file run_28.txt (compact mmCIF, C-alpha atoms)
# COMPACT_ATOMS: atom_id res chain seq x y z
CA MET A 1 -71.20 14.26 -100.84
CA GLY A 2 -69.40 15.32 -97.59
CA TRP A 3 -66.05 14.07 -96.36
CA SER A 4 -65.79 12.12 -93.12
CA ARG A 5 -63.15 13.19 -90.62
CA ARG A 6 -61.17 10.00 -91.24
CA GLU A 7 -61.18 10.67 -94.99
CA ALA A 8 -60.07 14.25 -94.46
CA ILE A 9 -57.10 13.15 -92.34
CA GLY A 10 -56.20 10.49 -94.89
CA LEU A 11 -56.16 13.02 -97.69
CA ALA A 12 -54.14 15.49 -95.65
CA LEU A 13 -51.57 12.87 -94.67
CA ALA A 14 -51.25 11.62 -98.24
CA ALA A 15 -50.71 15.14 -99.54
CA GLY A 16 -48.43 16.25 -96.74
CA VAL A 17 -46.15 13.20 -96.73
CA GLY A 18 -45.94 11.74 -100.19
CA GLY A 19 -48.60 13.24 -102.42
CA LEU A 20 -48.80 16.56 -104.16
CA ALA A 21 -45.15 17.51 -103.75
CA GLY A 22 -43.29 14.30 -103.05
CA CYS A 23 -42.06 14.58 -99.46
CA ASP A 24 -43.00 18.24 -98.96
CA ARG A 25 -44.40 18.37 -95.45
CA HIS A 26 -46.05 21.70 -96.31
CA ALA A 27 -47.98 20.40 -99.34
CA ALA A 28 -51.41 21.69 -100.26
CA ALA A 29 -53.83 19.32 -98.60
CA PRO A 30 -57.50 18.95 -99.56
CA TRP A 31 -59.01 19.79 -96.21
CA ARG A 32 -62.74 19.18 -96.06
CA GLU A 33 -65.06 18.79 -93.10
CA ASP A 34 -68.28 16.78 -93.05
CA ASP A 35 -70.27 19.79 -94.25
CA GLY A 36 -67.84 20.37 -97.13
CA ARG A 37 -66.70 23.76 -95.87
CA PHE A 38 -63.22 24.96 -94.95
CA PRO A 39 -62.53 25.75 -91.26
CA MET A 40 -61.36 29.32 -90.65
CA PRO A 41 -58.67 30.64 -88.28
CA GLU A 42 -61.08 33.13 -86.71
CA GLN A 43 -63.15 30.21 -85.46
CA THR A 44 -60.14 28.22 -84.28
CA ALA A 45 -58.90 31.25 -82.32
CA GLY A 46 -62.12 31.05 -80.29
CA LEU A 47 -60.75 27.86 -78.72
CA PHE A 48 -58.50 30.04 -76.58
CA GLU A 49 -61.55 31.50 -74.79
CA GLU A 50 -61.44 29.69 -71.45
CA GLY A 51 -64.54 27.54 -70.89
CA SER A 52 -65.94 28.09 -74.38
CA ARG A 53 -68.08 25.41 -76.00
CA HIS A 54 -67.39 24.07 -79.50
CA GLN A 55 -68.76 21.43 -81.84
CA LEU A 56 -66.29 18.97 -83.30
CA SER A 57 -66.40 17.92 -86.93
CA VAL A 58 -67.72 14.54 -85.74
CA GLY A 59 -70.68 16.28 -84.08
CA ASP A 60 -69.79 16.14 -80.37
CA TRP A 61 -69.82 19.29 -78.24
CA VAL A 62 -66.73 19.90 -76.10
CA THR A 63 -65.35 22.43 -73.62
CA ALA A 64 -62.10 24.27 -74.33
CA THR A 65 -59.48 25.20 -71.75
CA THR A 66 -56.14 26.94 -72.22
CA ARG A 67 -52.90 25.41 -70.98
CA SER A 68 -49.42 26.95 -70.85
CA ALA A 69 -46.80 24.98 -72.77
CA GLY A 70 -43.80 27.10 -71.77
CA MET A 71 -41.61 29.80 -73.28
CA LEU A 72 -40.07 29.25 -76.70
CA SER A 73 -36.61 30.74 -77.10
CA MET A 74 -36.19 32.26 -80.56
CA PRO A 75 -32.64 33.60 -81.00
CA THR A 76 -33.17 34.26 -84.73
CA GLY A 77 -36.92 35.07 -84.69
CA ARG A 78 -37.56 32.52 -87.45
CA LEU A 79 -40.20 29.94 -86.52
CA ILE A 80 -40.28 26.32 -87.65
CA ALA A 81 -43.29 24.04 -87.17
CA ALA A 82 -42.67 20.36 -87.82
CA ASP A 83 -43.13 16.80 -86.66
CA PRO A 84 -40.04 16.43 -84.43
CA SER A 85 -39.43 12.89 -85.64
CA TRP A 86 -38.82 14.32 -89.12
CA LEU A 87 -36.11 16.81 -88.11
CA PRO A 88 -33.17 14.55 -89.06
CA SER A 89 -34.55 14.58 -92.64
CA ALA A 90 -35.23 18.33 -92.66
CA GLN A 91 -33.51 19.08 -95.94
CA ARG A 92 -35.17 16.24 -97.84
CA LEU A 93 -38.58 17.08 -96.37
CA HIS A 94 -38.22 20.83 -96.95
CA ILE A 95 -38.49 21.65 -93.26
CA GLY A 96 -37.45 25.22 -92.57
CA PRO A 97 -38.54 28.57 -91.15
CA TYR A 98 -41.54 30.57 -92.30
CA THR A 99 -40.99 33.75 -94.29
CA ALA A 100 -42.61 35.88 -91.57
CA THR A 101 -40.08 36.73 -88.86
CA VAL A 102 -40.34 38.24 -85.38
CA PRO A 103 -37.83 40.02 -83.13
CA ALA A 104 -35.42 37.68 -81.35
CA GLY A 105 -36.64 36.81 -77.87
CA SER A 106 -38.68 34.33 -75.86
CA TYR A 107 -42.41 33.93 -76.43
CA PRO A 108 -45.16 32.02 -74.60
CA VAL A 109 -46.76 28.97 -76.21
CA SER A 110 -50.28 28.03 -75.15
CA LEU A 111 -52.49 25.07 -76.02
CA ALA A 112 -56.25 24.99 -76.52
CA VAL A 113 -57.34 21.65 -75.08
CA VAL A 114 -60.81 20.26 -75.73
CA SER A 115 -62.27 17.62 -73.45
CA TRP A 116 -65.21 15.27 -73.35
CA PRO A 117 -65.88 12.19 -71.20
CA GLY A 118 -62.83 9.96 -71.30
CA ASP A 119 -60.66 12.06 -73.59
CA ARG A 120 -58.68 15.29 -73.95
CA ARG A 121 -57.02 16.59 -77.12
CA VAL A 122 -55.00 19.59 -78.25
CA ALA A 123 -57.16 21.41 -80.81
CA ALA A 124 -54.82 24.35 -81.43
CA ALA A 125 -51.45 25.73 -80.35
CA ARG A 126 -50.50 29.39 -80.27
CA LEU A 127 -47.21 31.22 -79.99
CA THR A 128 -47.94 34.77 -78.83
CA VAL A 129 -45.56 37.47 -80.02
CA ARG A 130 -47.62 40.53 -79.12
CA ASN A 131 -50.47 40.56 -76.67
CA GLU A 132 -52.71 42.53 -79.03
CA LEU A 133 -55.97 41.86 -80.83
CA VAL A 134 -55.63 40.08 -84.16
CA HIS A 135 -56.82 42.31 -86.99
CA ARG A 136 -56.47 39.74 -89.79
CA TRP A 137 -55.29 36.20 -90.39
CA GLU A 138 -53.04 34.84 -93.14
CA MET A 139 -51.46 31.48 -93.93
CA ALA A 140 -47.89 30.95 -92.74
CA LEU A 141 -45.72 30.32 -95.80
CA LEU A 142 -42.34 28.85 -96.59
CA PRO A 143 -40.11 30.46 -99.25
CA GLY A 144 -41.58 29.80 -102.70
CA GLN A 145 -45.12 29.14 -101.50
CA ASP A 146 -47.97 31.29 -102.82
CA VAL A 147 -51.57 31.21 -101.60
CA ALA A 148 -52.65 32.19 -105.11
CA ALA A 149 -51.59 28.72 -106.25
CA LEU A 150 -54.05 27.01 -103.91
CA ALA A 151 -57.50 25.88 -104.96
CA PRO A 152 -60.50 26.60 -102.74
CA GLY A 153 -60.42 24.33 -99.68
CA GLU A 154 -56.65 23.78 -99.81
CA ALA A 155 -53.96 24.89 -97.38
CA TYR A 156 -50.23 24.52 -96.99
CA ASN A 157 -49.84 22.25 -94.00
CA VAL A 158 -47.44 20.68 -91.54
CA GLY A 159 -47.37 16.93 -92.19
CA VAL A 160 -47.47 14.79 -89.05
CA ASP A 161 -47.02 11.04 -88.66
CA SER A 162 -46.17 10.79 -84.95
CA ALA A 163 -49.32 12.60 -83.72
CA THR A 164 -46.96 15.36 -82.56
CA MET A 165 -46.02 18.81 -83.81
CA ALA A 166 -43.29 21.08 -82.47
CA PHE A 167 -42.40 24.76 -82.52
CA LEU A 168 -38.71 25.66 -82.63
CA ASP A 169 -36.44 28.44 -83.82
CA ALA A 170 -34.33 28.01 -86.95
CA ALA A 171 -31.20 28.03 -84.76
CA ALA A 172 -32.44 24.91 -82.96
CA LEU A 173 -33.06 22.83 -86.10
CA SER A 174 -29.64 21.17 -86.44
CA PRO A 175 -29.07 20.57 -82.71
CA MET A 176 -32.57 19.13 -82.27
CA ALA A 177 -32.17 16.93 -85.35
CA ARG A 178 -29.01 15.43 -83.84
CA GLN A 179 -30.78 14.95 -80.53
CA VAL A 180 -33.69 13.12 -82.21
CA ASP A 181 -31.14 10.67 -83.62
CA ASN A 182 -29.35 10.25 -80.29
CA GLU A 183 -32.31 10.36 -77.87
CA PRO A 184 -35.58 9.72 -79.72
CA LYS A 185 -37.43 8.97 -76.47
CA ALA A 186 -36.75 12.52 -75.30
CA PHE A 187 -39.31 13.69 -77.87
CA GLN A 188 -42.12 11.34 -76.85
CA ARG A 189 -45.09 12.91 -75.05
CA THR A 190 -46.66 11.20 -72.05
CA ALA A 191 -50.31 12.19 -72.69
CA GLU A 192 -52.46 13.50 -75.54
CA ASP A 193 -53.13 16.83 -73.84
CA GLN A 194 -49.70 17.43 -72.25
CA PRO A 195 -46.97 19.56 -73.88
CA LEU A 196 -43.31 18.57 -73.94
CA GLU A 197 -40.33 20.89 -73.74
CA VAL A 198 -36.89 19.76 -74.92
CA PRO A 199 -34.15 22.12 -73.66
CA GLY A 200 -31.80 23.64 -76.19
CA ALA A 201 -28.03 23.39 -76.27
CA GLY A 202 -26.18 26.64 -75.66
CA SER A 203 -27.87 29.55 -77.43
CA SER A 204 -29.64 27.44 -80.07
CA GLY A 205 -33.10 27.60 -78.49
CA ASN A 206 -35.46 24.95 -77.12
CA LEU A 207 -38.30 22.93 -78.66
CA ILE A 208 -41.92 22.77 -77.50
CA ALA A 209 -43.97 19.80 -78.74
CA PHE A 210 -47.69 19.07 -78.45
CA GLY A 211 -50.32 16.63 -79.68
CA THR A 212 -52.17 17.11 -82.96
CA GLY A 213 -55.88 16.67 -82.34
CA TYR A 214 -57.06 13.33 -83.67
CA GLY A 215 -53.51 12.31 -84.59
CA ASP A 216 -51.61 12.05 -87.85
CA GLY A 217 -52.48 14.27 -90.78
CA GLY A 218 -51.69 17.68 -92.23
CA TYR A 219 -52.35 20.85 -90.25
CA PRO A 220 -52.03 24.50 -91.30
CA VAL A 221 -50.31 27.26 -89.35
CA TRP A 222 -51.87 30.73 -89.39
CA ILE A 223 -50.36 34.13 -88.66
CA GLY A 224 -52.42 36.65 -86.74
CA ARG A 225 -51.53 40.22 -87.71
CA THR A 226 -52.11 43.24 -85.48
CA THR A 227 -53.80 46.44 -86.61
CA ALA A 228 -50.35 47.82 -87.45
CA GLY A 229 -49.58 44.74 -89.56
CA ALA A 230 -47.04 43.20 -87.18
CA VAL A 231 -47.01 39.48 -86.36
CA GLY A 232 -49.13 39.07 -83.25
CA CYS A 233 -49.11 35.29 -83.09
CA PHE A 234 -48.64 32.00 -84.91
CA MET A 235 -51.43 29.43 -84.50
CA ALA A 236 -51.37 25.74 -85.44
CA ASP A 237 -54.88 24.53 -86.29
CA MET A 238 -55.71 20.84 -85.74
CA ALA A 239 -58.91 21.07 -87.82
CA MET A 240 -61.12 19.54 -85.15
CA LEU A 241 -64.06 21.94 -85.37
CA ARG A 242 -67.20 21.98 -87.47
CA ARG A 243 -67.29 25.35 -89.14
CA GLN A 244 -69.74 28.00 -87.87
CA GLN A 245 -70.79 25.88 -84.91
CA SER A 246 -68.67 27.38 -82.11
CA SER A 247 -69.67 29.73 -79.34
CA PRO A 248 -67.23 31.62 -77.08
CA THR A 249 -69.86 31.60 -74.32
CA PRO A 250 -68.39 30.10 -71.11
CA ASN A 251 -69.79 26.74 -70.10
CA ARG A 252 -72.27 27.20 -67.22
call {"tool": "encode", "arguments": {"input": "run_28.txt", "output": "C-alpha cells"}}
result
Amino acid sequence: MGWSRREAIGLALAAGVGGLAGCDRHAAAPWREDDGRFPMPEQTAGLFEEGSRHQLSVGDWVTATTRSAGMLSMPTGRLIAADPSWLPSAQRLHIGPYTATVPAGSYPVSLAVVSWPGDRRVAAARLTVRNELVHRWEMALLPGQDVAALAPGEAYNVGVDSATMAFLDAAALSPMARQVDNEPKAFQRTAEDQPLEVPGAGSSGNLIAFGTGYGDGGYPVWIGRTTAGAVGCFMADMAMLRRQQSSPTPNR
C-alpha cells in the first residue's frame, strides 16, 4: 500500500518535531512517496535545470525555474539549516552546524521553483560552494548522526512547522535567535516562491529563508561532493517529486 503525500508529510513532521528523538529537528523521518520509493538527490538536482519538466508526487507535471536568493555570508564556514522560528530554542531542539565545513566566505543561494496554474512553490534550495560538477551525493549530518543507523527509506531531516527553512552560518545563530524574539515579523515571507534575507549584525553573517514545498514537514539536506571530494554544494530537498519521473528537457 502506497503513502499519500499528506501522510508522508504527517509522518515526517511527527518524527522531526516530537517523534523518534523527542524534539530533535533532524530525526529520522519515514519518507515515502505514493509509489513507495525514496526520492534521490540526483533527481532533485535536476530541478535546477532552467525550464525542465518534472512530475510531482501528486501526479501533476510542472516547470522548474531557478531564482537567486542572495549571498549567504559564512564567517565560520559551518552551515546551519533550520526553521527560523525555532532558533530561540536551538539548544533544546539540537539545532547546530553540520559536520561538513567549507572555507569562510560568501556563497550564492539559489531556489528551484516549480509552477503550475495558480501556484508556485520552492522545491529545492541550493548553496553553491564550488561551481563544479557533483560527483556524488551524501546526507548532511550533525555530530553523532550516522547513516548506518537509518533504515531503508529514512533520512535525517530538518523539521519545519512554519513552512519556512533558513540557511545561516553558525556565527549567526545566537544573534538571529535574539532577533526572532525581538522582531518575529522580520522572518515572515511575503509569498510561497519568494526568498527572504535577514541582514546580520556585525560580522555574524546573514540569514536566507525560503518556503518548503507543500509546507510543514521534515526535509533532508544533501551534500554534493566534487570529483576531488570537496563540498561543492548543500541542497535542501522538499520531497515534491515522484521518483524516476523527471526530465531535464527544456519546456517547449
call {"tool": "closest_residue", "arguments": {"input": "run_28.txt", "among": "A:Gln179, A:Thr99, A:Ser110, A:Asn131", "to": "A:Gln145", "atoms": "all atoms listed in the file"}}
result
A:Thr99
call {"tool": "residues_around", "arguments": {"input": "run_28.txt", "residues": "A:Phe210", "least_positions_apart": "6", "cutoff": "9 Å", "atoms": "all atoms listed in the file", "output": "list of chain:residue names"}}
result
A:Ala69, A:Leu111, A:Val122, A:Ala125, A:Ala163, A:Thr164, A:Met165, A:Ala166, A:Phe167, A:Arg189, A:Glu192, A:Asp193, A:Gln194, A:Pro195, A:Leu196, A:Glu197
call {"tool": "residues_around", "arguments": {"input": "run_28.txt", "residues": "stretch 211-221 of chain A", "least_positions_apart": "5", "cutoff": "6 Å", "atoms": "only C-alpha atoms", "output": "number ranges by chain"}}
result
A: 9, 12-13, 16, 121-123, 140, 156-161, 163-164, 192, 235-238
call {"tool": "write_last_selection", "arguments": {"input": "run_28.txt", "atoms": "C-alpha atoms", "output": "CSV table (one decimal), keeping the file's coordinate frame"}}
result
chain,number,residue,atom,x,y,z
A,9,ILE,CA,-57.1,13.2,-92.3
A,12,ALA,CA,-54.1,15.5,-95.6
A,13,LEU,CA,-51.6,12.9,-94.7
A,16,GLY,CA,-48.4,16.2,-96.7
A,121,ARG,CA,-57.0,16.6,-77.1
A,122,VAL,CA,-55.0,19.6,-78.2
A,123,ALA,CA,-57.2,21.4,-80.8
A,140,ALA,CA,-47.9,31.0,-92.7
A,156,TYR,CA,-50.2,24.5,-97.0
A,157,ASN,CA,-49.8,22.2,-94.0
A,158,VAL,CA,-47.4,20.7,-91.5
A,159,GLY,CA,-47.4,16.9,-92.2
A,160,VAL,CA,-47.5,14.8,-89.0
A,161,ASP,CA,-47.0,11.0,-88.7
A,163,ALA,CA,-49.3,12.6,-83.7
A,164,THR,CA,-47.0,15.4,-82.6
A,192,GLU,CA,-52.5,13.5,-75.5
A,235,MET,CA,-51.4,29.4,-84.5
A,236,ALA,CA,-51.4,25.7,-85.4
A,237,ASP,CA,-54.9,24.5,-86.3
A,238,MET,CA,-55.7,20.8,-85.7
call {"tool": "closest_residue", "arguments": {"input": "run_28.txt", "among": "A:Ala64, A:Val113, A:Leu207, A:Val231", "to": "A:Met176", "atoms": "all atoms listed in the file"}}
result
A:Leu207
call {"tool": "atom_distance", "arguments": {"input": "run_28.txt", "atom1": "atom CA of A:Arg225", "atom2": "atom CA of A:Ala171"}}
result
23.9 Å
call {"tool": "closest_residue", "arguments": {"input": "run_28.txt", "among": "A:Glu138, A:Glu132, A:Glu154, A:Asp146", "to": "A:Trp222", "atoms": "all atoms listed in the file"}}
result
A:Glu138
call {"tool": "residues_around", "arguments": {"input": "run_28.txt", "residues": "A:Leu47", "least_positions_apart": "6", "cutoff": "9 Å", "atoms": "all atoms listed in the file", "output": "PyMOL selection string"}}
result
chain A and resi 53-54+63-66+112-114+123-124+246+248
call {"tool": "atom_distance", "arguments": {"input": "run_28.txt", "atom1": "atom CA of A:Gly118", "atom2": "atom CA of A:Val62"}}
result
11.7 Å
call {"tool": "residues_around", "arguments": {"input": "run_28.txt", "residues": "A:Ala104", "least_positions_apart": "4", "cutoff": "7 Å", "atoms": "all atoms listed in the file", "output": "VMD selection string"}}
result
chain A and resid 74 to 77
call {"tool": "closest_residue", "arguments": {"input": "run_28.txt", "among": "A:Ala228, A:Phe187, A:Leu142, A:Ser115", "to": "A:Ser52", "atoms": "all atoms listed in the file"}}
result
A:Ser115
call {"tool": "atom_distance", "arguments": {"input": "run_28.txt", "atom1": "atom CA of A:Arg67", "atom2": "atom CA of A:Ser162"}}
result
21.3 Å
call {"tool": "residues_around", "arguments": {"input": "run_28.txt", "residues": "A:Met71", "least_positions_apart": "3", "cutoff": "7 Å", "atoms": "all atoms listed in the file", "output": "PyMOL selection string"}}
result
chain A and resi 106-109
call {"tool": "closest_residue", "arguments": {"input": "run_28.txt", "among": "A:Leu127, A:Ala149, A:Met40, A:Ala172", "to": "A:Gly96", "atoms": "only C-alpha atoms"}}
result
A:Ala172
call {"tool": "closest_residue", "arguments": {"input": "run_28.txt", "among": "A:Leu133, A:Ala45, A:Val58, A:Ala81", "to": "A:Leu168", "atoms": "only C-alpha atoms"}}
result
A:Ala81
